[in-house]
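Read through the structure below, which is laid out as structure tokens, and then see the notes.
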Amino acid sequence: EIARTTLPEALVKQVAWSPDGRTLYAGEQSPDATVHAFDPATLKSKWTFRAADHVGSSPLPEGEDRYAIYDLPGIYTLKILGNGDVLAVAVHGWNDGSGTRRNQSQVFRFQPTGEVVGKWPEQASSTLLLHSVVSTHDDGTERLLMNTSRSADGPPPPDLPNGGLAVLSLDTMALESVATVKPLEPWF
């Protein structure tokens with residue numbers, strides 16, 4: 001062991017290394033849903049980004065419910081792109097004070113310095129963007145394939161299918177296509 005750090009009230013969901021090995025990134029599930037950039041030799045912070053400022057926050061769970069942490073916002077995808085930029089997908093699904101189920105998700109692209117250079121959508125969307133995969137094509141373009149689902153009350157966003165797939169261009173941070181996949185029958 002060469003270094004150790006503690007992230008209070010957080011569950012580390014994702015980790016990734018910079019291409020040169022000089023930065024260790026971590027994405028947490030916590031009231032803050034922070035993306036961290038650490039010096040791997042000391043685990044001192046280089047920069048942080050609080051995703052909860054965009055997808056909302058919720059209080060720490062009370063009592064002994066071991067699964068309640070999953071109602072907190074979290075970084076569910078953390079990938080390093082071909083040019084060294086950092087891609088993070090922040091996801092939050094929770095019951096608000098009135099008991100209404102809410103969802104918020106947003107995709108962020110950072111330079112290695114921590115500067116946000118792109119986000120999609122411009123404001124967090126009432127959806128859950130889960131199980132994301134980055135693909136790099138022969139022409140060097142990169143895309144993000146996301147599973148779009150929803151547990152929130154009320155109507156879904158008009159531009160995203162509930163229970164479908166969405167493809168996002170990471171070069172332009174624009175949605176390229178969406179598709180809905182009909183479930184197999186009989187349903188589980």
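Every chain in the structure tokens takes a letter, A first, then B, and so on in the order presented; its residues are numbered from 1, and the ligands are numbered from 1 following the presented order.
Every protein or nucleic acid residue with an atom no more than 12 Å from A:Asn83, counting only C-alpha atoms and leaving out same-chain residues fewer than 2 positions away, appears here: Ser18, Pro19, Asp20, Lys79, Ile80, Leu81, Asp85, Val86, Leu87, Arg109, Phe110, Gln111, Pro112, Thr136, Gly140, Thr141, Glu142, Leu170 and Asp171 of chain A.
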What does the file look like for those residues with N, CA, C and O atoms, as a PDB file, in the first residue's frame?
```pdb
ATOM      1  N   SER A  18      -5.878   7.816 -15.968  1.00  0.00           N
ATOM      2  CA  SER A  18      -5.523   8.621 -17.131  1.00  0.00           C
ATOM      3  C   SER A  18      -4.572   7.799 -17.997  1.00  0.00           C
ATOM      4  O   SER A  18      -3.894   6.889 -17.499  1.00  0.00           O
ATOM      5  N   PRO A  19      -4.498   8.089 -19.306  1.00  0.00           N
ATOM      6  CA  PRO A  19      -3.615   7.311 -20.183  1.00  0.00           C
ATOM      7  C   PRO A  19      -2.147   7.312 -19.746  1.00  0.00           C
ATOM      8  O   PRO A  19      -1.445   6.322 -19.924  1.00  0.00           O
ATOM      9  N   ASP A  20      -1.679   8.412 -19.137  1.00  0.00           N
ATOM     10  CA  ASP A  20      -0.280   8.472 -18.703  1.00  0.00           C
ATOM     11  C   ASP A  20      -0.072   7.923 -17.291  1.00  0.00           C
ATOM     12  O   ASP A  20       1.047   7.893 -16.786  1.00  0.00           O
ATOM     13  N   LYS A  79     -15.393   6.897 -17.806  1.00  0.00           N
ATOM     14  CA  LYS A  79     -14.537   6.367 -18.872  1.00  0.00           C
ATOM     15  C   LYS A  79     -13.545   7.432 -19.310  1.00  0.00           C
ATOM     16  O   LYS A  79     -13.847   8.625 -19.294  1.00  0.00           O
ATOM     17  N   ILE A  80     -12.387   6.977 -19.741  1.00  0.00           N
ATOM     18  CA  ILE A  80     -11.381   7.867 -20.314  1.00  0.00           C
ATOM     19  C   ILE A  80     -11.475   7.739 -21.830  1.00  0.00           C
ATOM     20  O   ILE A  80     -11.422   6.630 -22.371  1.00  0.00           O
ATOM     21  N   LEU A  81     -11.625   8.876 -22.503  1.00  0.00           N
ATOM     22  CA  LEU A  81     -11.770   8.878 -23.955  1.00  0.00           C
ATOM     23  C   LEU A  81     -10.397   8.891 -24.632  1.00  0.00           C
ATOM     24  O   LEU A  81      -9.376   9.063 -23.974  1.00  0.00           O
ATOM     25  N   ASP A  85      -9.779  12.930 -22.371  1.00  0.00           N
ATOM     26  CA  ASP A  85     -10.909  13.532 -21.673  1.00  0.00           C
ATOM     27  C   ASP A  85     -11.605  12.485 -20.807  1.00  0.00           C
ATOM     28  O   ASP A  85     -11.500  11.281 -21.051  1.00  0.00           O
ATOM     29  N   VAL A  86     -12.324  12.951 -19.809  1.00  0.00           N
ATOM     30  CA  VAL A  86     -13.021  12.079 -18.861  1.00  0.00           C
ATOM     31  C   VAL A  86     -14.520  12.193 -19.116  1.00  0.00           C
ATOM     32  O   VAL A  86     -15.056  13.301 -19.206  1.00  0.00           O
ATOM     33  N   LEU A  87     -15.178  11.051 -19.230  1.00  0.00           N
ATOM     34  CA  LEU A  87     -16.622  11.008 -19.431  1.00  0.00           C
ATOM     35  C   LEU A  87     -17.259  10.459 -18.165  1.00  0.00           C
ATOM     36  O   LEU A  87     -16.839   9.418 -17.651  1.00  0.00           O
ATOM     37  N   ARG A 109     -18.584  15.701 -19.958  1.00  0.00           N
ATOM     38  CA  ARG A 109     -17.257  15.473 -20.530  1.00  0.00           C
ATOM     39  C   ARG A 109     -16.319  16.535 -19.964  1.00  0.00           C
ATOM     40  O   ARG A 109     -16.614  17.728 -20.021  1.00  0.00           O
ATOM     41  N   PHE A 110     -15.202  16.073 -19.382  1.00  0.00           N
ATOM     42  CA  PHE A 110     -14.219  16.958 -18.753  1.00  0.00           C
ATOM     43  C   PHE A 110     -12.889  16.856 -19.494  1.00  0.00           C
ATOM     44  O   PHE A 110     -12.502  15.781 -19.949  1.00  0.00           O
ATOM     45  N   GLN A 111     -12.157  17.956 -19.524  1.00  0.00           N
ATOM     46  CA  GLN A 111     -10.749  17.882 -19.891  1.00  0.00           C
ATOM     47  C   GLN A 111     -10.004  17.299 -18.696  1.00  0.00           C
ATOM     48  O   GLN A 111     -10.519  17.334 -17.562  1.00  0.00           O
ATOM     49  N   PRO A 112      -8.799  16.784 -18.870  1.00  0.00           N
ATOM     50  CA  PRO A 112      -8.052  16.243 -17.728  1.00  0.00           C
ATOM     51  C   PRO A 112      -7.808  17.258 -16.608  1.00  0.00           C
ATOM     52  O   PRO A 112      -7.526  16.870 -15.484  1.00  0.00           O
ATOM     53  N   THR A 136     -15.386   3.377 -30.015  1.00  0.00           N
ATOM     54  CA  THR A 136     -14.549   4.185 -30.889  1.00  0.00           C
ATOM     55  C   THR A 136     -14.594   3.563 -32.277  1.00  0.00           C
ATOM     56  O   THR A 136     -14.384   2.360 -32.432  1.00  0.00           O
ATOM     57  N   GLY A 140     -12.196   7.415 -35.814  1.00  0.00           N
ATOM     58  CA  GLY A 140     -11.780   8.082 -34.582  1.00  0.00           C
ATOM     59  C   GLY A 140     -12.919   8.698 -33.788  1.00  0.00           C
ATOM     60  O   GLY A 140     -12.698   9.182 -32.680  1.00  0.00           O
ATOM     61  N   THR A 141     -14.139   8.704 -34.340  1.00  0.00           N
ATOM     62  CA  THR A 141     -15.261   9.260 -33.585  1.00  0.00           C
ATOM     63  C   THR A 141     -15.633   8.318 -32.447  1.00  0.00           C
ATOM     64  O   THR A 141     -15.469   7.103 -32.544  1.00  0.00           O
ATOM     65  N   GLU A 142     -16.118   8.920 -31.372  1.00  0.00           N
ATOM     66  CA  GLU A 142     -16.523   8.140 -30.208  1.00  0.00           C
ATOM     67  C   GLU A 142     -17.995   8.396 -29.931  1.00  0.00           C
ATOM     68  O   GLU A 142     -18.476   9.513 -30.075  1.00  0.00           O
ATOM     69  N   LEU A 170     -19.976  11.713 -28.858  1.00  0.00           N
ATOM     70  CA  LEU A 170     -19.143  12.343 -27.835  1.00  0.00           C
ATOM     71  C   LEU A 170     -18.307  13.489 -28.407  1.00  0.00           C
ATOM     72  O   LEU A 170     -17.768  14.285 -27.656  1.00  0.00           O
ATOM     73  N   ASP A 171     -18.217  13.561 -29.736  1.00  0.00           N
ATOM     74  CA  ASP A 171     -17.511  14.676 -30.358  1.00  0.00           C
ATOM     75  C   ASP A 171     -18.353  15.944 -30.302  1.00  0.00           C
ATOM     76  O   ASP A 171     -17.845  17.031 -30.045  1.00  0.00           O
TER      77      ASP A 171
END
```
Residues of stretch 134-163 of chain A within 8 Å of stretch 88-103 of chain A: nearest atom pair and distance (Å, one decimal) for each, counting only C-alpha atoms, sorted by chain and number, as a tab-separated table?
```
residue	atom	partner	partner_atom	distance
A:Arg150	CA	A:Asn103	CA	7.0
A:Ser151	CA	A:Asn103	CA	6.8
A:Ala152	CA	A:Arg102	CA	4.5
A:Asp153	CA	A:Arg101	CA	5.3
```
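Interatomic distance, atom CA of A:Gly74 against atom CA of A:Pro121: 17.0 Å.
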Members of stretch 18-101 of chain A assigned strand (DSSP E or B) by DSSP, as number ranges by chain: A: 24-29, 34-38, 45-50, 74-80, 86-95, 101
10 Å contact set for A:Met146, only C-alpha atoms, chain neighbours under 2 positions out, as JSON, numbers by chain: {"A": [89, 128, 129, 130, 131, 132, 133, 134, 143, 144, 148, 149, 164, 165, 166, 167, 168, 178]}
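We find atom CA of A:Arg22 and atom CA of A:Gly82 to be spaced 15.8 Å apart.
Among the residues of stretch 45-153 of chain A, backbone DSSP assigns helix (DSSP H, G or I) to A:Ala52, A:Asp53, A:His54, A:Val55, A:Ala68, A:Ile69, A:Tyr70, A:Asp71.
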Find the residues of stretch 108-180 of chain A that sit at most 9 Å from stretch 48-60 of chain A; for each, write down the nearest two atoms and how far apart they are in Å, to one decimal. Count only C-alpha atoms. Sort by chain, then by number going up, and give it as a Markdown table.
```
| residue | atom | partner | partner_atom | distance |
| --- | --- | --- | --- | --- |
| A:Phe108 | CA | A:Ala51 | CA | 8.9 |
| A:Gly114 | CA | A:Thr48 | CA | 7.2 |
| A:Gln123 | CA | A:His54 | CA | 7.4 |
| A:Ala124 | CA | A:Val55 | CA | 5.8 |
| A:Ser125 | CA | A:Val55 | CA | 8.3 |
```
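Nearest to A:Trp47 of all the residues A:Glu115, A:Asp71, A:Asp139, A:Asp65 is A:Glu115, based on only C-alpha atoms.
Residue nearest A:Val107, chosen from A:Gln29, A:Thr77, A:Thr23, A:Thr172 and counting only C-alpha atoms: A:Thr77.
Of the listed residues A:Gly21, A:Pro161, A:Pro156, A:Pro186, the one whose atoms come nearest to A:Gly84 is A:Gly21, with distances taken using only C-alpha atoms.
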Nearby residues (only C-alpha atoms) at most 9 Å from stretch 1-10 of chain A, same-chain spacing under 6 positions excluded, as an MDAnalysis selection string: chainID A and resid 28:34 40:44 60 69
